Amino acid sequence: MNLQTDKVKVSNTGEGVQEVLKLAENFAVTIGLNSKNSLRLRLLTEEAISMLKSVTKDFQADLW
C-alpha cells in the first residue's frame, strides 16, 4: 500500500492550504482512523502550516 499523498505547493499567502487539509482528511479515511483521530490529524496539519507561517516570513514548500 502506497501511503504517500500527492505533493501540494503551500505558501505563506495561503496557497494550497485547503487542498492539504483535504488530503489529510482523505489520508485519515484511507488508513482507517476514527473521527477523533481524524480530527487530530487535521489539527496537527493546521498547526504545522501555522508554525511555518510564524517561523518564516515568506515561504513556499511542497507538503505531502
# chains A, B, ... in the order shown; residues from 1 in each chain; ligands from 1
$ select_by_dssp --residues "chain A" --states "alpha helix (DSSP H)" --output "PyMOL selection string"
chain A and resi 17-30+35-55
$ residues_around --residues "region 34-47 of chain A" --least-positions-apart "3" --cutoff "12 Å" --atoms "only C-alpha atoms" --output "VMD selection string"
chain A and resid 10 14 16 to 31 50 to 54 63 to 64
$ atom_distance --atom1 "CA of Leu3 (chain A)" --atom2 "CA of Val55 (chain A)"
28.3 Å
$ select_by_dssp --residues "chain A" --states "strand (DSSP E or B)" --output "list in words"
Val8, Lys9, Val10, Ser11, Gln60, Ala61, Asp62 and Leu63 of chain A
$ decode --residues "region 10-21 of chain A" --atoms "all heavy atoms" --output "short mmCIF file (atom, residue, chain, number, x, y, z; two decimals), in the first residue's frame"
data_model
loop_
_atom_site.label_atom_id
_atom_site.label_comp_id
_atom_site.auth_asym_id
_atom_site.auth_seq_id
_atom_site.Cartn_x
_atom_site.Cartn_y
_atom_site.Cartn_z
N VAL A 10 2.45 24.75 -0.93
CA VAL A 10 1.84 25.65 0.04
C VAL A 10 2.75 26.87 0.20
O VAL A 10 3.96 26.79 -0.04
CB VAL A 10 1.62 24.98 1.41
CG1 VAL A 10 0.57 23.90 1.32
CG2 VAL A 10 2.89 24.42 1.98
N SER A 11 2.15 27.98 0.60
CA SER A 11 2.95 29.20 0.78
C SER A 11 2.36 30.03 1.89
O SER A 11 1.26 29.77 2.38
CB SER A 11 2.99 30.01 -0.52
OG SER A 11 1.73 30.58 -0.77
N ASN A 12 3.10 31.06 2.27
CA ASN A 12 2.66 31.96 3.33
C ASN A 12 1.42 32.76 2.92
O ASN A 12 0.73 33.31 3.77
CB ASN A 12 3.78 32.91 3.74
CG ASN A 12 4.24 33.79 2.60
OD1 ASN A 12 4.51 33.30 1.50
ND2 ASN A 12 4.32 35.08 2.84
N THR A 13 1.11 32.78 1.64
CA THR A 13 -0.08 33.51 1.18
C THR A 13 -1.35 32.67 1.30
O THR A 13 -2.43 33.15 1.01
CB THR A 13 0.08 33.94 -0.29
OG1 THR A 13 0.21 32.77 -1.10
CG2 THR A 13 1.28 34.86 -0.46
N GLY A 14 -1.22 31.43 1.72
CA GLY A 14 -2.37 30.55 1.87
C GLY A 14 -2.58 29.60 0.71
O GLY A 14 -3.49 28.78 0.74
N GLU A 15 -1.72 29.71 -0.28
CA GLU A 15 -1.83 28.81 -1.44
C GLU A 15 -1.72 27.36 -0.99
O GLU A 15 -0.81 27.00 -0.25
CB GLU A 15 -0.70 29.12 -2.43
CG GLU A 15 -0.59 28.15 -3.59
CD GLU A 15 0.68 28.33 -4.40
OE1 GLU A 15 1.52 29.17 -4.04
OE2 GLU A 15 0.82 27.61 -5.39
N GLY A 16 -2.66 26.53 -1.40
CA GLY A 16 -2.61 25.10 -1.16
C GLY A 16 -3.09 24.62 0.19
O GLY A 16 -3.21 23.42 0.41
N VAL A 17 -3.39 25.52 1.11
CA VAL A 17 -3.75 25.10 2.47
C VAL A 17 -5.02 24.25 2.48
O VAL A 17 -5.05 23.19 3.10
CB VAL A 17 -3.89 26.32 3.41
CG1 VAL A 17 -4.45 25.90 4.76
CG2 VAL A 17 -2.55 27.01 3.58
N GLN A 18 -6.06 24.69 1.82
CA GLN A 18 -7.31 23.92 1.81
C GLN A 18 -7.12 22.56 1.16
O GLN A 18 -7.68 21.55 1.62
CB GLN A 18 -8.43 24.71 1.11
CG GLN A 18 -8.89 25.92 1.88
CD GLN A 18 -9.33 25.59 3.30
OE1 GLN A 18 -10.07 24.64 3.52
NE2 GLN A 18 -8.87 26.38 4.25
N GLU A 19 -6.31 22.51 0.11
CA GLU A 19 -6.04 21.24 -0.55
C GLU A 19 -5.29 20.27 0.38
O GLU A 19 -5.60 19.08 0.43
CB GLU A 19 -5.25 21.46 -1.83
CG GLU A 19 -5.10 20.23 -2.68
CD GLU A 19 -4.38 20.49 -3.99
OE1 GLU A 19 -4.15 21.67 -4.35
OE2 GLU A 19 -4.07 19.50 -4.67
N VAL A 20 -4.33 20.80 1.15
CA VAL A 20 -3.57 19.98 2.08
C VAL A 20 -4.49 19.45 3.18
O VAL A 20 -4.40 18.27 3.56
CB VAL A 20 -2.39 20.77 2.69
CG1 VAL A 20 -1.82 20.07 3.90
CG2 VAL A 20 -1.33 21.01 1.64
N LEU A 21 -5.38 20.27 3.67
CA LEU A 21 -6.31 19.82 4.71
C LEU A 21 -7.22 18.72 4.18
O LEU A 21 -7.52 17.75 4.89
CB LEU A 21 -7.12 21.00 5.25
CG LEU A 21 -6.31 22.06 6.00
CD1 LEU A 21 -7.19 23.22 6.40
CD2 LEU A 21 -5.62 21.46 7.22
#
